[in-house]
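Next up, structure02.cif (mmCIF, C-alpha atoms):
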data_query
loop_
_atom_site.group_PDB
_atom_site.id
_atom_site.type_symbol
_atom_site.label_atom_id
_atom_site.label_comp_id
_atom_site.auth_asym_id
_atom_site.auth_seq_id
_atom_site.Cartn_x
_atom_site.Cartn_y
_atom_site.Cartn_z
ATOM 1 C CA MET A 1 -2.459 19.718 -20.010
ATOM 2 C CA ARG A 2 0.055 22.464 -20.664
ATOM 3 C CA ARG A 3 3.636 21.508 -21.435
ATOM 4 C CA GLY A 4 5.009 22.852 -18.133
ATOM 5 C CA ARG A 5 2.496 20.951 -16.043
ATOM 6 C CA ALA A 6 3.030 17.795 -18.107
ATOM 7 C CA ASP A 7 6.769 17.986 -17.477
ATOM 8 C CA GLU A 8 6.139 18.625 -13.783
ATOM 9 C CA TYR A 9 3.845 15.596 -13.622
ATOM 10 C CA ALA A 10 6.350 13.387 -15.464
ATOM 11 C CA GLU A 11 9.080 14.398 -13.016
ATOM 12 C CA PHE A 12 6.824 13.702 -10.034
ATOM 13 C CA ALA A 13 5.711 10.336 -11.416
ATOM 14 C CA ALA A 14 9.288 9.252 -12.095
ATOM 15 C CA ALA A 15 10.373 10.260 -8.598
ATOM 16 C CA ARG A 16 7.441 8.615 -6.738
ATOM 17 C CA ALA A 17 6.690 5.512 -8.824
ATOM 18 C CA ALA A 18 9.165 3.235 -7.023
ATOM 19 C CA HIS A 19 7.931 4.301 -3.596
ATOM 20 C CA LEU A 20 4.299 3.818 -4.625
ATOM 21 C CA TYR A 21 5.177 0.393 -6.014
ATOM 22 C CA ARG A 22 6.802 -0.690 -2.738
ATOM 23 C CA SER A 23 3.740 0.435 -0.805
ATOM 24 C CA ALA A 24 1.441 -1.299 -3.285
ATOM 25 C CA CYS A 25 3.424 -4.532 -2.900
ATOM 26 C CA LEU A 26 2.860 -4.383 0.841
ATOM 27 C CA LEU A 27 -0.835 -3.620 0.422
ATOM 28 C CA THR A 28 -1.268 -6.532 -1.970
ATOM 29 C CA ALA A 29 0.871 -8.810 0.213
ATOM 30 C CA GLY A 30 3.457 -9.378 -2.476
ATOM 31 C CA ASP A 31 1.217 -9.637 -5.549
ATOM 32 C CA THR A 32 3.513 -7.692 -7.871
ATOM 33 C CA HIS A 33 1.122 -7.737 -10.826
ATOM 34 C CA HIS A 34 -1.711 -6.284 -8.783
ATOM 35 C CA ALA A 35 0.748 -3.775 -7.277
ATOM 36 C CA GLU A 36 1.768 -2.613 -10.758
ATOM 37 C CA ASP A 37 -1.893 -2.208 -11.702
ATOM 38 C CA LEU A 38 -2.550 -0.164 -8.551
ATOM 39 C CA VAL A 39 0.400 2.140 -9.250
ATOM 40 C CA GLN A 40 -0.651 2.582 -12.864
ATOM 41 C CA GLU A 41 -4.224 3.420 -11.865
ATOM 42 C CA THR A 42 -2.983 5.800 -9.150
ATOM 43 C CA LEU A 43 -0.685 7.652 -11.537
ATOM 44 C CA GLY A 44 -3.490 7.832 -14.094
ATOM 45 C CA ARG A 45 -5.832 9.406 -11.571
ATOM 46 C CA LEU A 46 -3.137 11.864 -10.545
ATOM 47 C CA TYR A 47 -2.516 12.817 -14.165
ATOM 48 C CA VAL A 48 -6.176 13.627 -14.716
ATOM 49 C CA SER A 49 -6.283 15.980 -11.735
ATOM 50 C CA TRP A 50 -2.651 17.127 -11.712
ATOM 51 C CA HIS A 51 -3.609 20.809 -12.035
ATOM 52 C CA ARG A 52 -5.296 20.533 -8.617
ATOM 53 C CA VAL A 53 -2.884 18.037 -7.047
ATOM 54 C CA SER A 54 0.235 20.017 -7.926
ATOM 55 C CA ARG A 55 -1.072 22.938 -5.891
ATOM 56 C CA ALA A 56 -1.659 20.736 -2.845
ATOM 57 C CA GLY A 57 0.672 21.060 0.094
ATOM 58 C CA ASN A 58 2.004 17.510 -0.226
ATOM 59 C CA PRO A 59 1.391 15.770 -3.577
ATOM 60 C CA ALA A 60 3.323 12.687 -2.404
ATOM 61 C CA ALA A 61 0.928 12.132 0.502
ATOM 62 C CA TYR A 62 -1.985 12.724 -1.858
ATOM 63 C CA ALA A 63 -0.602 10.055 -4.191
ATOM 64 C CA GLN A 64 -0.245 7.619 -1.293
ATOM 65 C CA THR A 65 -3.826 8.286 -0.249
ATOM 66 C CA VAL A 66 -5.068 7.678 -3.810
ATOM 67 C CA LEU A 67 -3.088 4.412 -3.893
ATOM 68 C CA THR A 68 -4.596 3.206 -0.619
ATOM 69 C CA ARG A 69 -8.142 4.157 -1.598
ATOM 70 C CA THR A 70 -7.719 2.484 -4.987
ATOM 71 C CA PHE A 71 -6.567 -0.695 -3.245
ATOM 72 C CA LEU A 72 -9.516 -0.656 -0.843
ATOM 73 C CA ALA A 73 -11.979 0.057 -3.649
ATOM 74 C CA HIS A 74 -10.641 -2.909 -5.597
ATOM 75 C CA LYS A 75 -11.030 -5.148 -2.551
ATOM 76 C CA ARG A 76 -14.637 -3.973 -2.125
ATOM 77 C CA ARG A 77 -15.537 -4.565 -5.754
ATOM 78 C CA ARG A 78 -14.362 -8.137 -5.861
ATOM 79 C CA SER A 79 -15.104 -7.992 -9.574
ATOM 80 C CA SER A 80 -11.778 -9.478 -10.502
ATOM 81 C CA THR A 81 -11.871 -12.985 -11.927
ATOM 82 C CA GLU A 82 -8.366 -13.710 -10.679
ATOM 83 C CA ARG A 83 -8.062 -15.866 -7.601
ATOM 84 C CA THR A 84 -5.241 -15.535 -5.128
ATOM 85 C CA THR A 85 -3.399 -18.485 -3.641
ATOM 86 C CA ASP A 86 -1.723 -19.057 -0.302
ATOM 87 C CA VAL A 87 1.519 -20.113 -1.966
ATOM 88 C CA LEU A 88 3.948 -17.562 -3.357
ATOM 89 C CA PRO A 89 5.900 -18.643 -6.442
ATOM 90 C CA GLU A 90 9.592 -19.180 -6.017
ATOM 91 C CA ARG A 91 11.633 -16.184 -7.137
ATOM 92 C CA ALA A 92 15.277 -15.326 -7.224
ATOM 93 C CA ASP A 93 16.496 -13.049 -4.445
ATOM 94 C CA THR A 94 17.459 -9.910 -6.334
ATOM 95 C CA ALA A 95 17.284 -7.531 -3.376
ATOM 96 C CA GLY A 96 20.036 -9.300 -1.465
ATOM 97 C CA GLY A 97 17.950 -9.108 1.728
ATOM 98 C CA ASP A 98 16.565 -11.754 4.004
ATOM 99 C CA THR A 99 14.170 -13.551 1.679
ATOM 100 C CA SER A 100 12.636 -15.833 4.267
ATOM 101 C CA LEU A 101 11.809 -12.881 6.536
ATOM 102 C CA ARG A 102 10.278 -10.933 3.671
ATOM 103 C CA LEU A 103 8.187 -13.883 2.485
ATOM 104 C CA THR A 104 7.044 -14.665 6.028
ATOM 105 C CA LEU A 105 5.969 -11.062 6.584
ATOM 106 C CA LEU A 106 4.218 -10.843 3.201
ATOM 107 C CA GLU A 107 2.397 -14.091 3.916
ATOM 108 C CA ALA A 108 1.302 -12.782 7.312
ATOM 109 C CA LEU A 109 0.183 -9.469 5.772
ATOM 110 C CA ALA A 110 -1.822 -11.384 3.171
ATOM 111 C CA ARG A 111 -3.844 -13.007 5.937
ATOM 112 C CA LEU A 112 -4.961 -9.665 7.360
ATOM 113 C CA PRO A 113 -8.229 -8.127 6.172
ATOM 114 C CA ALA A 114 -7.686 -5.425 3.541
ATOM 115 C CA LYS A 115 -8.505 -2.488 5.828
ATOM 116 C CA ASP A 116 -6.257 -3.798 8.610
ATOM 117 C CA ARG A 117 -3.459 -4.304 6.076
ATOM 118 C CA ALA A 118 -3.941 -0.743 4.809
ATOM 119 C CA VAL A 119 -3.707 0.615 8.356
ATOM 120 C CA VAL A 120 -0.505 -1.340 9.044
ATOM 121 C CA VAL A 121 1.102 -0.179 5.806
ATOM 122 C CA LEU A 122 0.170 3.465 6.326
ATOM 123 C CA ARG A 123 1.086 3.578 10.027
ATOM 124 C CA TYR A 124 4.241 1.493 10.066
ATOM 125 C CA TRP A 125 5.578 1.424 6.498
ATOM 126 C CA GLU A 126 4.642 4.975 5.532
ATOM 127 C CA ASP A 127 5.223 6.191 9.116
ATOM 128 C CA ARG A 128 2.041 8.245 9.130
ATOM 129 C CA SER A 129 0.411 9.537 12.276
ATOM 130 C CA ILE A 130 -2.895 8.148 13.483
ATOM 131 C CA GLN A 131 -4.723 11.239 12.246
ATOM 132 C CA GLU A 132 -3.054 11.149 8.811
ATOM 133 C CA THR A 133 -3.984 7.483 8.488
ATOM 134 C CA ALA A 134 -7.555 8.222 9.558
ATOM 135 C CA ASP A 135 -7.807 11.023 6.998
ATOM 136 C CA ALA A 136 -6.450 8.814 4.222
ATOM 137 C CA LEU A 137 -8.929 6.047 4.990
ATOM 138 C CA HIS A 138 -11.907 8.293 5.817
ATOM 139 C CA VAL A 139 -12.311 6.782 9.286
ATOM 140 C CA SER A 140 -11.992 8.116 12.822
ATOM 141 C CA SER A 141 -8.700 8.091 14.685
ATOM 142 C CA ALA A 142 -10.285 5.673 17.179
ATOM 143 C CA ALA A 143 -10.989 3.257 14.326
ATOM 144 C CA VAL A 144 -7.339 3.481 13.246
ATOM 145 C CA ARG A 145 -6.138 2.762 16.788
ATOM 146 C CA THR A 146 -8.539 -0.181 17.077
ATOM 147 C CA ARG A 147 -7.461 -1.594 13.719
ATOM 148 C CA CYS A 148 -3.777 -1.159 14.620
ATOM 149 C CA VAL A 149 -4.190 -3.085 17.859
ATOM 150 C CA ARG A 150 -6.210 -5.800 16.155
ATOM 151 C CA ALA A 151 -3.869 -6.100 13.159
ATOM 152 C CA LEU A 152 -0.700 -6.198 15.253
ATOM 153 C CA ALA A 153 -2.212 -8.826 17.554
ATOM 154 C CA ARG A 154 -3.150 -10.902 14.507
ATOM 155 C CA LEU A 155 0.364 -10.534 13.066
ATOM 156 C CA ARG A 156 1.872 -11.654 16.385
ATOM 157 C CA GLU A 157 -0.486 -14.625 16.380
ATOM 158 C CA LEU A 158 0.397 -15.517 12.783
ATOM 159 C CA LEU A 159 4.137 -15.094 13.214
ATOM 160 C CA GLY A 160 4.274 -16.692 16.658
ATOM 161 C CA GLU A 161 7.674 -18.191 17.318
ATOM 162 C CA ASP A 162 8.924 -17.029 13.908
ATOM 163 C CA LEU A 163 8.773 -13.454 15.155
ATOM 164 C CA ALA A 164 11.303 -14.100 17.922
ATOM 165 C CA GLU A 165 13.520 -16.019 15.490
ATOM 166 C CA TYR A 166 13.611 -13.138 13.001
ATOM 167 C CA ALA A 167 13.979 -10.448 15.636
ATOM 168 C CA ALA A 168 17.092 -12.163 16.979
ATOM 169 C CA ALA A 169 18.696 -12.368 13.526
#

For the file at hand, write its structure as structure tokens.
Amino acid sequence: MRRGRADEYAEFAAARAAHLYRSACLLTAGDTHHAEDLVQETLGRLYVSWHRVSRAGNPAAYAQTVLTRTFLAHKRRRSSTERTTDVLPERADTAGGDTSLRLTLLEALARLPAKDRAVVVLRYWEDRSIQETADALHVSSAAVRTRCVRALARLRELLGEDLAEYAAA
């Protein structure tokens, strides 16, 4: 890669890494180690094809799509020997936010199927349109709408009374 493109890539990666990490944390339902691996793999794939990606209309959206597809591919492979647990380890609250709300939402997201979780993250965290989400996941817009309805209903079911408690706070 030429020096100019390498510098351009490094600038892009530095600017987008934190955002990709936040999205990856949501996709992995709070598994920070897996999220870091997803971001690293995403940035590696972008580096390899940066000459093509940099000419795209929206490299940030392209990066988000690569992240989501990498996550879904990993879920399909199931080749990992690591096993997830239902219990999150205790951690210090460094963000200064509402820890119980965040942990409750991450736990609820973790219970969604991977594709439903990806749809929720893209539609409501990334604020993508139905068509953009469909394009990113290689599905129809009807499938995105169906998954959204199903995933939100499941989240309401999982959060139950907790949802009203947190919404009032």

Query - Gap from CA of Thr133 in chain A to CA of Pro113 in chain A - Å, one decimal - result: 16.3 Å

Report summary line: CA of Phe12 in chain A sits from CA of Ala60 in chain A at a separation of 8.5 Å

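The gap separating CA of Gln131 in chain A from CA of Arg102 in chain A is 28.1 Å, in Å to one decimal.
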
Report task. Starting from the shown file, work through the PyMOL selection byres ((chain A and resi 119-125) around 8) and note down what comes out as a ChimeraX atom specification. Result -> /A:23,26-27,115-118,126-130,133,144,147-148,151-152

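For the choices A:Tyr9, A:Val66, A:Leu101, A:Asp37, the atom-to-atom distance to His138 in chain A is smallest for A:Val66 when using all atoms listed in the file.
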
Using the incomplete input, complete range 131-142 of chain A to the level of all heavy atoms; output as an mmCIF file, in the frame of the given file.
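Output saved as selection-v8.cif:
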data_model
loop_
_atom_site.group_PDB
_atom_site.id
_atom_site.type_symbol
_atom_site.label_atom_id
_atom_site.label_comp_id
_atom_site.auth_asym_id
_atom_site.auth_seq_id
_atom_site.Cartn_x
_atom_site.Cartn_y
_atom_site.Cartn_z
ATOM 1 N N GLN A 131 -3.783 10.333 12.909
ATOM 2 C CA GLN A 131 -4.723 11.239 12.246
ATOM 3 C C GLN A 131 -4.537 11.233 10.728
ATOM 4 O O GLN A 131 -5.517 11.243 9.984
ATOM 5 C CB GLN A 131 -4.569 12.663 12.791
ATOM 6 C CG GLN A 131 -5.657 13.602 12.326
ATOM 7 C CD GLN A 131 -7.056 13.108 12.697
ATOM 8 O OE1 GLN A 131 -7.320 12.772 13.839
ATOM 9 N NE2 GLN A 131 -7.951 13.047 11.724
ATOM 10 N N GLU A 132 -3.300 11.201 10.253
ATOM 11 C CA GLU A 132 -3.054 11.149 8.811
ATOM 12 C C GLU A 132 -3.616 9.858 8.218
ATOM 13 O O GLU A 132 -4.199 9.867 7.129
ATOM 14 C CB GLU A 132 -1.556 11.243 8.521
ATOM 15 C CG GLU A 132 -0.955 12.596 8.782
ATOM 16 C CD GLU A 132 0.554 12.589 8.677
ATOM 17 O OE1 GLU A 132 1.194 11.542 8.919
ATOM 18 O OE2 GLU A 132 1.112 13.659 8.367
ATOM 19 N N THR A 133 -3.441 8.766 8.941
ATOM 20 C CA THR A 133 -3.984 7.483 8.488
ATOM 21 C C THR A 133 -5.506 7.531 8.466
ATOM 22 O O THR A 133 -6.135 7.073 7.508
ATOM 23 C CB THR A 133 -3.487 6.344 9.404
ATOM 24 O OG1 THR A 133 -2.061 6.344 9.407
ATOM 25 C CG2 THR A 133 -3.996 5.000 8.932
ATOM 26 N N ALA A 134 -6.092 8.098 9.500
ATOM 27 C CA ALA A 134 -7.555 8.222 9.558
ATOM 28 C C ALA A 134 -8.076 9.066 8.398
ATOM 29 O O ALA A 134 -9.082 8.717 7.776
ATOM 30 C CB ALA A 134 -7.968 8.831 10.896
ATOM 31 N N ASP A 135 -7.394 10.170 8.117
ATOM 32 C CA ASP A 135 -7.807 11.023 6.998
ATOM 33 C C ASP A 135 -7.709 10.286 5.666
ATOM 34 O O ASP A 135 -8.588 10.413 4.812
ATOM 35 C CB ASP A 135 -6.966 12.298 6.958
ATOM 36 C CG ASP A 135 -7.226 13.213 8.143
ATOM 37 O OD1 ASP A 135 -8.271 13.042 8.811
ATOM 38 O OD2 ASP A 135 -6.380 14.098 8.403
ATOM 39 N N ALA A 136 -6.650 9.534 5.485
ATOM 40 C CA ALA A 136 -6.450 8.814 4.222
ATOM 41 C C ALA A 136 -7.514 7.745 4.012
ATOM 42 O O ALA A 136 -7.935 7.496 2.883
ATOM 43 C CB ALA A 136 -5.067 8.178 4.188
ATOM 44 N N LEU A 137 -7.961 7.132 5.100
ATOM 45 C CA LEU A 137 -8.929 6.047 4.990
ATOM 46 C C LEU A 137 -10.374 6.481 5.239
ATOM 47 O O LEU A 137 -11.281 5.651 5.205
ATOM 48 C CB LEU A 137 -8.560 4.928 5.967
ATOM 49 C CG LEU A 137 -7.201 4.269 5.733
ATOM 50 C CD1 LEU A 137 -6.903 3.271 6.831
ATOM 51 C CD2 LEU A 137 -7.167 3.603 4.374
ATOM 52 N N HIS A 138 -10.564 7.766 5.532
ATOM 53 C CA HIS A 138 -11.907 8.293 5.817
ATOM 54 C C HIS A 138 -12.553 7.576 6.996
ATOM 55 O O HIS A 138 -13.724 7.170 6.939
ATOM 56 C CB HIS A 138 -12.829 8.198 4.603
ATOM 57 C CG HIS A 138 -12.480 9.145 3.518
ATOM 58 N ND1 HIS A 138 -13.092 10.351 3.374
ATOM 59 C CD2 HIS A 138 -11.581 9.071 2.517
ATOM 60 C CE1 HIS A 138 -12.584 10.979 2.332
ATOM 61 N NE2 HIS A 138 -11.650 10.216 1.797
ATOM 62 N N VAL A 139 -11.785 7.382 8.060
ATOM 63 C CA VAL A 139 -12.311 6.782 9.286
ATOM 64 C C VAL A 139 -11.872 7.646 10.458
ATOM 65 O O VAL A 139 -11.067 8.558 10.306
ATOM 66 C CB VAL A 139 -11.817 5.327 9.480
ATOM 67 C CG1 VAL A 139 -12.328 4.427 8.364
ATOM 68 C CG2 VAL A 139 -10.311 5.252 9.566
ATOM 69 N N SER A 140 -12.378 7.355 11.630
ATOM 70 C CA SER A 140 -11.992 8.116 12.822
ATOM 71 C C SER A 140 -10.626 7.641 13.319
ATOM 72 O O SER A 140 -10.185 6.530 13.002
ATOM 73 C CB SER A 140 -13.034 7.942 13.921
ATOM 74 O OG SER A 140 -12.993 6.617 14.407
ATOM 75 N N SER A 141 -9.997 8.482 14.127
ATOM 76 C CA SER A 141 -8.700 8.091 14.685
ATOM 77 C C SER A 141 -8.872 6.912 15.642
ATOM 78 O O SER A 141 -7.977 6.072 15.773
ATOM 79 C CB SER A 141 -8.031 9.274 15.378
ATOM 80 O OG SER A 141 -8.853 9.786 16.400
ATOM 81 N N ALA A 142 -10.018 6.820 16.308
ATOM 82 C CA ALA A 142 -10.285 5.673 17.179
ATOM 83 C C ALA A 142 -10.344 4.374 16.370
ATOM 84 O O ALA A 142 -9.848 3.332 16.816
ATOM 85 C CB ALA A 142 -11.586 5.881 17.947
#
